[in-house]
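**Student:** One file is attached below, upload32.cif, containing mmCIF, C-alpha atoms and all ligand atoms.
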data_my_file
loop_
_atom_site.group_PDB
_atom_site.id
_atom_site.type_symbol
_atom_site.label_atom_id
_atom_site.label_comp_id
_atom_site.auth_asym_id
_atom_site.auth_seq_id
_atom_site.Cartn_x
_atom_site.Cartn_y
_atom_site.Cartn_z
ATOM 1 C CA HIS C 1 -4.071 18.651 -21.279
ATOM 2 C CA GLY C 2 -0.324 19.377 -21.193
ATOM 3 C CA LEU C 3 -0.130 16.300 -18.996
ATOM 4 C CA THR C 4 -2.289 14.256 -21.363
ATOM 5 C CA THR C 5 0.148 14.593 -24.259
ATOM 6 C CA ALA C 6 3.280 14.091 -22.133
ATOM 7 C CA LEU C 7 2.051 11.061 -20.169
ATOM 8 C CA PRO C 8 2.238 8.334 -22.856
ATOM 9 C CA THR C 9 5.995 8.841 -23.386
ATOM 10 C CA ALA C 10 6.935 9.696 -19.791
ATOM 11 C CA LEU C 11 7.623 6.052 -18.968
ATOM 12 C CA ASP C 12 10.077 5.698 -21.884
ATOM 13 C CA ARG C 13 11.724 8.979 -20.919
ATOM 14 C CA GLY C 14 12.343 7.632 -17.409
ATOM 15 C CA GLU C 15 10.390 10.413 -15.702
ATOM 16 C CA PHE C 16 8.680 8.270 -13.048
ATOM 17 C CA PHE C 17 10.286 7.459 -9.731
ATOM 18 C CA ILE C 18 9.177 5.759 -6.550
ATOM 19 C CA GLU C 19 9.198 6.934 -2.950
ATOM 20 C CA TYR C 20 8.898 4.466 -0.089
ATOM 21 C CA GLN C 21 7.052 5.000 3.181
ATOM 22 C CA PRO C 22 7.948 2.640 6.048
ATOM 23 C CA LEU C 23 5.467 0.255 7.641
ATOM 24 C CA VAL C 24 6.163 -0.056 11.345
ATOM 25 C CA HIS C 25 5.171 -2.805 13.806
ATOM 26 C CA LEU C 26 3.081 -1.070 16.491
ATOM 27 C CA GLY C 27 4.156 -3.516 19.192
ATOM 28 C CA ASP C 28 7.907 -2.931 19.034
ATOM 29 C CA GLY C 29 8.367 -0.019 16.618
ATOM 30 C CA SER C 30 10.478 -2.016 14.167
ATOM 31 C CA VAL C 31 10.367 -1.308 10.428
ATOM 32 C CA ARG C 32 8.707 -4.240 8.664
ATOM 33 C CA GLY C 33 8.522 -2.973 5.126
ATOM 34 C CA ALA C 34 7.368 -0.056 3.007
ATOM 35 C CA GLU C 35 4.643 1.093 0.646
ATOM 36 C CA ALA C 36 5.774 2.112 -2.853
ATOM 37 C CA LEU C 37 4.300 5.457 -3.978
ATOM 38 C CA VAL C 38 4.917 6.559 -7.558
ATOM 39 C CA ARG C 39 5.765 10.142 -8.594
ATOM 40 C CA TRP C 40 6.277 11.834 -11.958
ATOM 41 C CA LEU C 41 9.189 14.220 -12.385
ATOM 42 C CA HIS C 42 7.647 16.353 -15.105
ATOM 43 C CA PRO C 43 10.179 18.463 -17.069
ATOM 44 C CA GLN C 44 8.036 21.632 -16.734
ATOM 45 C CA HIS C 45 5.755 21.069 -13.732
ATOM 46 C CA GLY C 46 8.245 19.431 -11.383
ATOM 47 C CA ILE C 47 7.251 16.554 -9.083
ATOM 48 C CA LEU C 48 3.636 15.448 -9.516
ATOM 49 C CA GLY C 49 1.876 13.127 -7.073
ATOM 50 C CA PRO C 50 -0.202 10.138 -8.179
ATOM 51 C CA ASP C 51 -3.470 12.046 -7.763
ATOM 52 C CA ARG C 52 -2.375 14.233 -10.687
ATOM 53 C CA PHE C 53 -1.717 11.444 -13.196
ATOM 54 C CA ILE C 54 -3.017 8.020 -12.041
ATOM 55 C CA PRO C 55 -6.614 8.794 -13.144
ATOM 56 C CA LEU C 56 -5.219 9.890 -16.518
ATOM 57 C CA ALA C 57 -3.065 6.764 -16.751
ATOM 58 C CA GLU C 58 -6.134 4.644 -15.978
ATOM 59 C CA HIS C 59 -8.146 6.431 -18.636
ATOM 60 C CA THR C 60 -5.487 5.990 -21.338
ATOM 61 C CA GLY C 61 -4.465 2.444 -20.418
ATOM 62 C CA LEU C 62 -0.906 3.507 -19.543
ATOM 63 C CA ILE C 63 -1.622 2.263 -16.014
ATOM 64 C CA VAL C 64 -0.890 -1.308 -17.132
ATOM 65 C CA PRO C 65 2.744 -0.752 -18.273
ATOM 66 C CA LEU C 66 3.244 1.884 -15.558
ATOM 67 C CA GLY C 67 1.894 -0.443 -12.866
ATOM 68 C CA ARG C 68 4.127 -3.236 -14.145
ATOM 69 C CA TRP C 69 7.123 -0.882 -13.971
ATOM 70 C CA VAL C 70 6.259 0.151 -10.386
ATOM 71 C CA LEU C 71 5.911 -3.502 -9.389
ATOM 72 C CA GLU C 72 9.238 -4.467 -10.974
ATOM 73 C CA GLN C 73 11.146 -1.550 -9.394
ATOM 74 C CA SER C 74 9.572 -2.162 -5.986
ATOM 75 C CA VAL C 75 10.243 -5.897 -5.961
ATOM 76 C CA ARG C 76 13.861 -5.282 -6.969
ATOM 77 C CA GLN C 77 14.117 -2.754 -4.160
ATOM 78 C CA ALA C 78 12.719 -5.312 -1.716
ATOM 79 C CA ARG C 79 15.424 -7.702 -2.884
ATOM 80 C CA ALA C 80 18.112 -5.075 -2.243
ATOM 81 C CA TRP C 81 16.748 -4.434 1.278
ATOM 82 C CA ARG C 82 16.596 -8.145 1.955
ATOM 83 C CA GLU C 83 20.237 -8.606 1.031
ATOM 84 C CA ARG C 84 21.168 -5.839 3.386
ATOM 85 C CA TYR C 85 19.110 -7.150 6.327
ATOM 86 C CA HIS C 86 19.121 -10.898 5.889
ATOM 87 C CA ASP C 87 19.646 -11.328 9.624
ATOM 88 C CA ASP C 88 16.450 -9.487 10.503
ATOM 89 C CA GLY C 89 14.272 -11.288 7.999
ATOM 90 C CA PRO C 90 12.968 -9.806 4.784
ATOM 91 C CA LEU C 91 11.568 -6.312 4.543
ATOM 92 C CA ARG C 92 8.244 -6.531 2.770
ATOM 93 C CA ILE C 93 6.995 -4.322 -0.038
ATOM 94 C CA ASN C 94 3.453 -2.982 -0.549
ATOM 95 C CA VAL C 95 2.433 -1.999 -4.087
ATOM 96 C CA ASN C 96 -0.873 -0.332 -5.069
ATOM 97 C CA LEU C 97 -2.955 -1.923 -7.814
ATOM 98 C CA SER C 98 -5.449 0.066 -9.814
ATOM 99 C CA PRO C 99 -8.776 -1.599 -10.721
ATOM 100 C CA CYS C 100 -7.678 -1.600 -14.402
ATOM 101 C CA GLN C 101 -4.720 -3.805 -13.517
ATOM 102 C CA LEU C 102 -7.066 -6.288 -11.846
ATOM 103 C CA THR C 103 -8.983 -6.824 -15.068
ATOM 104 C CA HIS C 104 -5.834 -7.031 -17.206
ATOM 105 C CA PRO C 105 -5.287 -10.713 -18.155
ATOM 106 C CA GLY C 106 -1.487 -10.537 -17.671
ATOM 107 C CA LEU C 107 -1.547 -9.650 -13.969
ATOM 108 C CA VAL C 108 -0.766 -13.057 -12.459
ATOM 109 C CA GLN C 109 1.823 -14.018 -15.076
ATOM 110 C CA ASP C 110 3.567 -10.615 -14.891
ATOM 111 C CA THR C 111 3.710 -10.774 -11.106
ATOM 112 C CA VAL C 112 5.130 -14.312 -11.088
ATOM 113 C CA GLU C 113 7.800 -13.337 -13.628
ATOM 114 C CA ILE C 114 8.759 -10.160 -11.782
ATOM 115 C CA LEU C 115 9.153 -12.071 -8.497
ATOM 116 C CA GLU C 116 11.191 -14.811 -10.172
ATOM 117 C CA ARG C 117 13.469 -12.397 -12.029
ATOM 118 C CA ALA C 118 14.227 -10.584 -8.772
ATOM 119 C CA GLY C 119 14.543 -13.781 -6.715
ATOM 120 C CA VAL C 120 11.938 -12.557 -4.232
ATOM 121 C CA GLN C 121 9.505 -14.906 -2.461
ATOM 122 C CA PRO C 122 5.787 -14.144 -2.997
ATOM 123 C CA ASP C 123 5.272 -13.637 0.746
ATOM 124 C CA ALA C 124 7.518 -10.562 0.647
ATOM 125 C CA LEU C 125 4.935 -8.822 -1.559
ATOM 126 C CA CYS C 126 1.644 -7.222 -0.547
ATOM 127 C CA LEU C 127 -0.680 -5.862 -3.234
ATOM 128 C CA GLU C 128 -3.029 -3.086 -2.106
ATOM 129 C CA VAL C 129 -6.466 -2.892 -3.687
ATOM 130 C CA THR C 130 -9.011 -0.293 -2.618
ATOM 131 C CA GLU C 131 -12.155 -1.436 -0.913
ATOM 132 C CA SER C 132 -14.212 0.350 -3.594
ATOM 133 C CA ALA C 133 -12.493 -1.625 -6.387
ATOM 134 C CA LEU C 134 -13.767 -4.878 -4.857
ATOM 135 C CA ILE C 135 -17.296 -3.826 -3.980
ATOM 136 C CA GLY C 136 -19.596 -6.088 -5.921
ATOM 137 C CA ALA C 137 -16.578 -7.856 -7.438
ATOM 138 C CA ASP C 138 -17.577 -10.973 -9.364
ATOM 139 C CA ASP C 139 -15.613 -14.204 -9.559
ATOM 140 C CA ALA C 140 -13.826 -13.169 -12.753
ATOM 141 C CA LEU C 141 -12.338 -10.185 -10.944
ATOM 142 C CA LEU C 142 -11.479 -12.148 -7.811
ATOM 143 C CA LYS C 143 -9.874 -15.091 -9.625
ATOM 144 C CA PRO C 144 -6.478 -13.449 -10.298
ATOM 145 C CA LEU C 145 -6.359 -12.199 -6.709
ATOM 146 C CA ARG C 146 -7.160 -15.702 -5.434
ATOM 147 C CA ARG C 147 -4.338 -17.139 -7.562
ATOM 148 C CA LEU C 148 -1.892 -14.588 -6.180
ATOM 149 C CA ALA C 149 -3.072 -15.190 -2.612
ATOM 150 C CA GLU C 150 -2.647 -18.970 -3.052
ATOM 151 C CA MET C 151 0.936 -18.336 -4.164
ATOM 152 C CA GLY C 152 1.547 -16.488 -0.907
ATOM 153 C CA VAL C 153 1.182 -12.865 -2.018
ATOM 154 C CA ASP C 154 -0.665 -10.808 0.596
ATOM 155 C CA ILE C 155 -3.640 -8.796 -0.584
ATOM 156 C CA ALA C 156 -4.533 -5.684 1.426
ATOM 157 C CA LEU C 157 -7.842 -3.856 1.342
ATOM 158 C CA ASP C 158 -6.790 -0.187 1.111
ATOM 159 C CA ASP C 159 -8.768 2.783 2.489
ATOM 160 C CA PHE C 160 -10.904 0.352 4.484
ATOM 161 C CA GLY C 161 -13.938 1.809 6.201
ATOM 162 C CA THR C 162 -14.667 4.555 3.673
ATOM 163 C CA GLY C 163 -16.795 2.569 1.241
ATOM 164 C CA TYR C 164 -19.999 0.742 1.839
ATOM 165 C CA SER C 165 -18.194 -2.117 3.486
ATOM 166 C CA ASN C 166 -20.279 -5.184 3.532
ATOM 167 C CA LEU C 167 -18.459 -6.819 6.406
ATOM 168 C CA ALA C 168 -19.902 -10.245 5.628
ATOM 169 C CA ASN C 169 -18.411 -9.860 2.159
ATOM 170 C CA LEU C 170 -14.917 -9.851 3.670
ATOM 171 C CA ARG C 171 -15.012 -13.614 4.070
ATOM 172 C CA ARG C 172 -15.370 -14.040 0.328
ATOM 173 C CA LEU C 173 -12.373 -11.869 -0.527
ATOM 174 C CA PRO C 174 -8.831 -13.298 -0.750
ATOM 175 C CA VAL C 175 -7.589 -10.574 1.569
ATOM 176 C CA SER C 176 -5.151 -10.904 4.477
ATOM 177 C CA VAL C 177 -4.685 -7.274 5.538
ATOM 178 C CA LEU C 178 -7.092 -4.397 6.215
ATOM 179 C CA LYS C 179 -5.616 -0.920 5.791
ATOM 180 C CA LEU C 180 -7.793 1.275 7.950
ATOM 181 C CA ASP C 181 -8.527 4.603 6.327
ATOM 182 C CA ARG C 182 -6.708 7.721 7.510
ATOM 183 C CA SER C 183 -9.948 9.274 8.759
ATOM 184 C CA PHE C 184 -10.010 6.845 11.722
ATOM 185 C CA THR C 185 -6.456 7.794 12.653
ATOM 186 C CA GLN C 186 -7.332 11.482 12.448
ATOM 187 C CA SER C 187 -10.154 10.894 14.877
ATOM 188 C CA MET C 188 -7.625 9.531 17.430
ATOM 189 C CA GLN C 189 -5.853 12.911 17.468
ATOM 190 C CA ARG C 190 -8.407 14.415 19.792
ATOM 191 C CA PHE C 191 -7.982 13.362 23.372
ATOM 192 C CA PRO C 192 -10.012 11.663 24.542
ATOM 193 C CA ALA C 193 -10.884 10.324 21.103
ATOM 194 C CA ASP C 194 -14.508 10.203 19.968
ATOM 195 C CA PRO C 195 -15.964 7.226 21.887
ATOM 196 C CA VAL C 196 -17.970 6.123 18.860
ATOM 197 C CA ASP C 197 -14.844 6.050 16.672
ATOM 198 C CA LEU C 198 -13.019 4.114 19.379
ATOM 199 C CA LYS C 199 -15.811 1.537 19.355
ATOM 200 C CA ILE C 200 -15.783 1.331 15.564
ATOM 201 C CA VAL C 201 -12.021 0.740 15.392
ATOM 202 C CA GLU C 202 -12.251 -1.763 18.240
ATOM 203 C CA GLY C 203 -14.986 -3.593 16.336
ATOM 204 C CA ILE C 204 -13.094 -3.614 13.036
ATOM 205 C CA VAL C 205 -9.924 -4.904 14.735
ATOM 206 C CA SER C 206 -11.826 -7.633 16.528
ATOM 207 C CA LEU C 207 -13.621 -8.726 13.355
ATOM 208 C CA ALA C 208 -10.374 -8.599 11.346
ATOM 209 C CA HIS C 209 -8.474 -10.707 13.865
ATOM 210 C CA SER C 210 -11.279 -13.243 14.108
ATOM 211 C CA LEU C 211 -11.012 -13.642 10.312
ATOM 212 C CA ASP C 212 -7.196 -13.913 10.559
ATOM 213 C CA LEU C 213 -6.625 -10.540 8.944
ATOM 214 C CA ALA C 214 -3.924 -8.119 10.060
ATOM 215 C CA VAL C 215 -4.799 -4.446 10.566
ATOM 216 C CA THR C 216 -2.583 -1.645 9.264
ATOM 217 C CA VAL C 217 -3.343 1.981 10.107
ATOM 218 C CA GLU C 218 -2.500 4.888 7.837
ATOM 219 C CA GLY C 219 -1.797 8.555 8.428
ATOM 220 C CA VAL C 220 -0.293 8.270 11.925
ATOM 221 C CA GLU C 221 1.095 11.743 12.662
ATOM 222 C CA THR C 222 1.583 11.711 16.450
ATOM 223 C CA GLY C 223 2.853 9.384 19.164
ATOM 224 C CA ALA C 224 -0.516 9.671 20.930
ATOM 225 C CA GLN C 225 -2.315 8.305 17.870
ATOM 226 C CA ALA C 226 0.181 5.452 17.593
ATOM 227 C CA GLU C 227 -0.303 4.564 21.271
ATOM 228 C CA GLN C 228 -4.106 4.699 21.053
ATOM 229 C CA LEU C 229 -4.122 2.485 17.925
ATOM 230 C CA ARG C 230 -1.669 0.057 19.511
ATOM 231 C CA ILE C 231 -3.942 -0.269 22.557
ATOM 232 C CA LEU C 232 -6.893 -0.875 20.230
ATOM 233 C CA GLY C 233 -4.978 -3.872 18.817
ATOM 234 C CA CYS C 234 -3.864 -2.577 15.417
ATOM 235 C CA ASP C 235 -0.814 -4.428 14.118
ATOM 236 C CA THR C 236 1.112 -2.130 11.796
ATOM 237 C CA ALA C 237 1.254 1.625 11.214
ATOM 238 C CA GLN C 238 2.304 4.054 8.557
ATOM 239 C CA GLY C 239 2.487 7.849 8.629
ATOM 240 C CA TRP C 240 4.489 11.012 9.006
ATOM 241 C CA TYR C 241 5.124 10.291 12.715
ATOM 242 C CA TYR C 242 7.497 7.560 11.539
ATOM 243 C CA ALA C 243 8.564 8.916 8.157
ATOM 244 C CA ARG C 244 7.317 10.702 5.081
ATOM 245 C CA PRO C 245 7.566 8.856 1.785
ATOM 246 C CA GLY C 246 11.208 9.125 0.673
ATOM 247 C CA PRO C 247 14.061 7.591 -1.288
ATOM 248 C CA PRO C 248 14.960 3.918 -0.669
ATOM 249 C CA ASP C 249 18.099 4.716 1.321
ATOM 250 C CA ARG C 250 16.011 6.398 4.008
ATOM 251 C CA LEU C 251 14.501 3.023 4.840
ATOM 252 C CA HIS C 252 18.014 1.649 5.350
ATOM 253 C CA GLU C 253 18.672 4.382 7.914
ATOM 254 C CA LEU C 254 15.369 3.858 9.733
ATOM 255 C CA ALA C 255 15.782 0.099 9.853
ATOM 256 C CA LEU C 256 19.368 0.465 11.080
ATOM 257 C CA VAL C 257 18.260 2.684 13.960
ATOM 258 C CA ASP C 258 16.279 -0.124 15.568
ATOM 259 C CA ALA C 259 18.637 -2.919 14.512
HETATM 260 O O1 LIG C 301 1.348 9.812 -1.175
HETATM 261 P P1 LIG C 301 0.455 9.801 -2.130
HETATM 262 O O2 LIG C 301 0.044 11.128 -2.633
HETATM 263 O O3 LIG C 301 1.628 9.280 -2.872
HETATM 264 O O4 LIG C 301 -0.548 8.710 -2.729
HETATM 265 C C1 LIG C 301 -1.810 9.076 -3.199
HETATM 266 C C2 LIG C 301 -2.573 7.886 -3.723
HETATM 267 O O5 LIG C 301 -1.972 7.402 -4.921
HETATM 268 C C3 LIG C 301 -2.625 6.739 -2.759
HETATM 269 O O6 LIG C 301 -3.968 6.498 -2.500
HETATM 270 C C4 LIG C 301 -2.049 5.576 -3.491
HETATM 271 O O7 LIG C 301 -2.885 4.444 -3.326
HETATM 272 C C5 LIG C 301 -2.011 6.020 -4.940
HETATM 273 N N1 LIG C 301 -0.811 5.458 -5.578
HETATM 274 C C6 LIG C 301 0.474 5.704 -5.262
HETATM 275 N N2 LIG C 301 1.313 4.972 -6.019
HETATM 276 C C7 LIG C 301 0.526 4.230 -6.850
HETATM 277 C C8 LIG C 301 0.784 3.256 -7.869
HETATM 278 O O8 LIG C 301 1.928 2.892 -8.156
HETATM 279 N N3 LIG C 301 -0.292 2.730 -8.499
HETATM 280 C C9 LIG C 301 -1.576 3.078 -8.193
HETATM 281 N N4 LIG C 301 -2.560 2.504 -8.874
HETATM 282 N N5 LIG C 301 -1.853 3.977 -7.232
HETATM 283 C C10 LIG C 301 -0.828 4.548 -6.560
HETATM 284 O O1 LIG C 302 -2.574 4.275 -0.853
HETATM 285 P P1 LIG C 302 -2.894 5.470 -0.082
HETATM 286 O O2 LIG C 302 -4.000 6.326 -0.386
HETATM 287 O O3 LIG C 302 -3.203 5.041 1.293
HETATM 288 O O4 LIG C 302 -1.529 6.306 0.018
HETATM 289 C C1 LIG C 302 -1.118 6.942 1.150
HETATM 290 C C2 LIG C 302 -1.309 8.444 1.008
HETATM 291 O O5 LIG C 302 -1.337 9.060 2.276
HETATM 292 C C3 LIG C 302 -0.204 9.111 0.270
HETATM 293 O O6 LIG C 302 -0.725 10.201 -0.385
HETATM 294 C C4 LIG C 302 0.727 9.566 1.397
HETATM 295 O O7 LIG C 302 1.611 10.598 1.017
HETATM 296 C C5 LIG C 302 -0.293 10.026 2.391
HETATM 297 N N1 LIG C 302 0.198 9.984 3.767
HETATM 298 C C6 LIG C 302 1.084 9.114 4.270
HETATM 299 N N2 LIG C 302 1.281 9.329 5.586
HETATM 300 C C7 LIG C 302 0.494 10.374 5.925
HETATM 301 C C8 LIG C 302 0.242 11.057 7.169
HETATM 302 O O8 LIG C 302 0.786 10.744 8.232
HETATM 303 N N3 LIG C 302 -0.650 12.081 7.140
HETATM 304 C C9 LIG C 302 -1.283 12.462 5.983
HETATM 305 N N4 LIG C 302 -2.129 13.484 6.069
HETATM 306 N N5 LIG C 302 -1.081 11.831 4.806
HETATM 307 C C10 LIG C 302 -0.199 10.802 4.769
HETATM 308 MN MN MN C 303 -2.115 2.359 -0.502
HETATM 309 NA NA NA C 304 -5.027 4.307 1.749
#
Represent the structure of the file as structure tokens.
Ligand code: G
Ligand code: G
Ligand code: MN
Ligand code: NA

**Tutor:**
Amino acid sequence: HGLTTALPTALDRGEFFIEYQPLVHLGDGSVRGAEALVRWLHPQHGILGPDRFIPLAEHTGLIVPLGRWVLEQSVRQARAWRERYHDDGPLRINVNLSPCQLTHPGLVQDTVEILERAGVQPDALCLEVTESALIGADDALLKPLRRLAEMGVDIALDDFGTGYSNLANLRRLPVSVLKLDRSFTQSMQRFPADPVDLKIVEGIVSLAHSLDLAVTVEGVETGAQAEQLRILGCDTAQGWYYARPGPPDRLHELALVDA
């Protein structure tokens, strides 16, 4: 309840900040972009993770201005990275969208304006939506995502494989990336990995690729997991093995190492 009263003004007080976690190409280990992860520097409680305040922000409606702020900061950061690495092509930015933002009528317009203000091309942006947010989604919910996808924004299905995935439903969704849930990665830690899990990941990757979707894996903590997932055909990885979420300058250092 202390958080409930402080949250509505935290944005104006400048108490939110963003950490970035690199997304790495499994084939060659190069940094391709980063996921933006919001944090709240609370004056009494210190740094709070999104699990502590995103549900509250969704409940109070603050998620709309907060989400817009995260998007604007992240896109401007992507622009700064791009200027620094123009020779290596743009670093892309992944931003999480809450279901409430999907139903907000300003989503497409806000996104277009934020990209234009920052001078960033739509294809440098990937919006992550959880699989559960799109289960049973009707056309009204999918329309803004379709518009964004037509503009060139990538849409990723986050935490994929945890919900009741109707795989046939995938075709209907304007999605270009599957982010495989961390639980699959954890299963690759054991060696040899559970043969059933290996088959499941193999099947998801094969289905994804046949539908022209890229596969990103989350929660990679060891080199053995990375190697296993690379062999299974996953495209991109994210996790502590590469880097924890951190300040934007850390991405500069990581990208410079392989440059
Ligand atoms: O590292 P971490 O604890 O930061 O992230 C926990 C969860 O919070 C993740 O599932 C992520 O999707 C979510 N999250 C992080 N940043 C944002 C954000 O800006 N908006 C929304 N809606 N969710 C976020
Ligand atoms: O959007 P999403 O839920 O996927 O956000 C990623 C979450 O996973 C964040 O909370 C982030 O801090 C966490 N995370 C990122 N990398 C790792 C990892 O390698 N291991 C574990 N256990 N968690 C991770
Ligand atoms: Mn995510
Ligand atoms: Na996830």

**Student:** Skipping near chain neighbours, those fewer than 3 positions away, what residues fall within 10 Å of Leu115 (chain C) using only C-alpha atoms, listed as a list of chain:residue names?

**Tutor:**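 In the requested format, the answer is C:Leu71, C:Glu72, C:Val75, C:Arg76, C:Arg79, C:Asp110, C:Thr111, C:Val112, C:Ala118, C:Gly119, C:Val120, C:Gln121, C:Pro122, C:Ala124, C:Leu125.
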
**Student:** Taking the file as I've supplied it (selection: the PyMOL selection byres (((not hetatm)) within 8 of (chain C and resi 301))), which residues are included? Please answer as a list in words.

**Tutor:** Ile18, Glu19, Ala36, Leu37, Val38, Arg39, Gly49, Pro50, Asp51, Ile54, Ile63, Leu66, Gly67, Val70, Leu71, Val95, Asn96, Leu97, Ser98, Pro99, Glu128, Thr130, Asp158, Asp159 and Pro245 of chain C

**Student:** Neighbouring residues of ligand LIG 302 (chain C) are defined here as those with any atom at most 6 Å from a ligand atom, counting all atoms listed in the file; list them as JSON, numbers by chain.

**Tutor:** {"C": [219, 220, 221, 239, 240]}

**Student:** Taking only C-alpha atoms into account, name the residue in C:Gln73, C:Asn94, C:Gln228, C:Gln101 that is nearest to Ser187 (chain C).

**Tutor:**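 When distances to Ser187 (chain C) are compared using only C-alpha atoms, the smallest one comes from C:Gln228.
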
**Student:** I need the residue nearest ligand MN 303 (chain C) from this list: C:Leu170, C:Leu178, C:Val24, C:Leu56. Use only C-alpha atoms and all ligand atoms for the distance.

**Tutor:**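 With only C-alpha atoms and all ligand atoms as the atom set, the closest residue is C:Leu178.
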
**Student:** At a cut-off of 7 Å, using all atoms listed in the file, what residues contact Val31 (chain C)? Leave out same-chain residues fewer than 6 positions from it and give the result as an NGL selection string.

**Tutor:** :C and (22-25 or 255)

**Student:** Next, the residues of the selection above should be written as an mmCIF file, in the frame of the given file with C-alpha atoms.

**Tutor:**
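As a result, selection.cif now contains:
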data_model
loop_
_atom_site.group_PDB
_atom_site.id
_atom_site.type_symbol
_atom_site.label_atom_id
_atom_site.label_comp_id
_atom_site.auth_asym_id
_atom_site.auth_seq_id
_atom_site.Cartn_x
_atom_site.Cartn_y
_atom_site.Cartn_z
ATOM 1 C CA PRO C 22 7.948 2.640 6.048
ATOM 2 C CA LEU C 23 5.467 0.255 7.641
ATOM 3 C CA VAL C 24 6.163 -0.056 11.345
ATOM 4 C CA HIS C 25 5.171 -2.805 13.806
ATOM 5 C CA ALA C 255 15.782 0.099 9.853
#

**Student:** Generate N, CA and C atoms for region 102-113 of chain C and emit them as an mmCIF file, keeping the file's coordinate frame.

**Tutor:**
data_model
loop_
_atom_site.group_PDB
_atom_site.id
_atom_site.type_symbol
_atom_site.label_atom_id
_atom_site.label_comp_id
_atom_site.auth_asym_id
_atom_site.auth_seq_id
_atom_site.Cartn_x
_atom_site.Cartn_y
_atom_site.Cartn_z
ATOM 1 N N LEU C 102 -6.381 -5.063 -12.279
ATOM 2 C CA LEU C 102 -7.066 -6.288 -11.846
ATOM 3 C C LEU C 102 -7.748 -6.994 -13.003
ATOM 4 N N THR C 103 -8.263 -6.217 -13.952
ATOM 5 C CA THR C 103 -8.983 -6.824 -15.068
ATOM 6 C C THR C 103 -8.042 -7.136 -16.231
ATOM 7 N N HIS C 104 -6.786 -6.731 -16.132
ATOM 8 C CA HIS C 104 -5.834 -7.031 -17.206
ATOM 9 C C HIS C 104 -5.413 -8.501 -17.117
ATOM 10 N N PRO C 105 -5.527 -9.272 -18.226
ATOM 11 C CA PRO C 105 -5.287 -10.713 -18.155
ATOM 12 C C PRO C 105 -3.842 -11.100 -17.790
ATOM 13 N N GLY C 106 -2.888 -10.177 -17.942
ATOM 14 C CA GLY C 106 -1.487 -10.537 -17.671
ATOM 15 C C GLY C 106 -1.060 -10.414 -16.226
ATOM 16 N N LEU C 107 -1.971 -9.997 -15.330
ATOM 17 C CA LEU C 107 -1.547 -9.650 -13.969
ATOM 18 C C LEU C 107 -0.795 -10.768 -13.235
ATOM 19 N N VAL C 108 -1.374 -11.972 -13.232
ATOM 20 C CA VAL C 108 -0.766 -13.057 -12.459
ATOM 21 C C VAL C 108 0.590 -13.431 -13.053
ATOM 22 N N GLN C 109 0.592 -13.647 -14.377
ATOM 23 C CA GLN C 109 1.823 -14.018 -15.076
ATOM 24 C C GLN C 109 2.928 -12.965 -14.882
ATOM 25 N N ASP C 110 2.587 -11.706 -15.064
ATOM 26 C CA ASP C 110 3.567 -10.615 -14.891
ATOM 27 C C ASP C 110 4.144 -10.627 -13.475
ATOM 28 N N THR C 111 3.262 -10.802 -12.498
ATOM 29 C CA THR C 111 3.710 -10.774 -11.106
ATOM 30 C C THR C 111 4.653 -11.939 -10.810
ATOM 31 N N VAL C 112 4.277 -13.132 -11.287
ATOM 32 C CA VAL C 112 5.130 -14.312 -11.088
ATOM 33 C C VAL C 112 6.506 -14.065 -11.696
ATOM 34 N N GLU C 113 6.525 -13.546 -12.937
ATOM 35 C CA GLU C 113 7.800 -13.337 -13.628
ATOM 36 C C GLU C 113 8.652 -12.286 -12.930
#
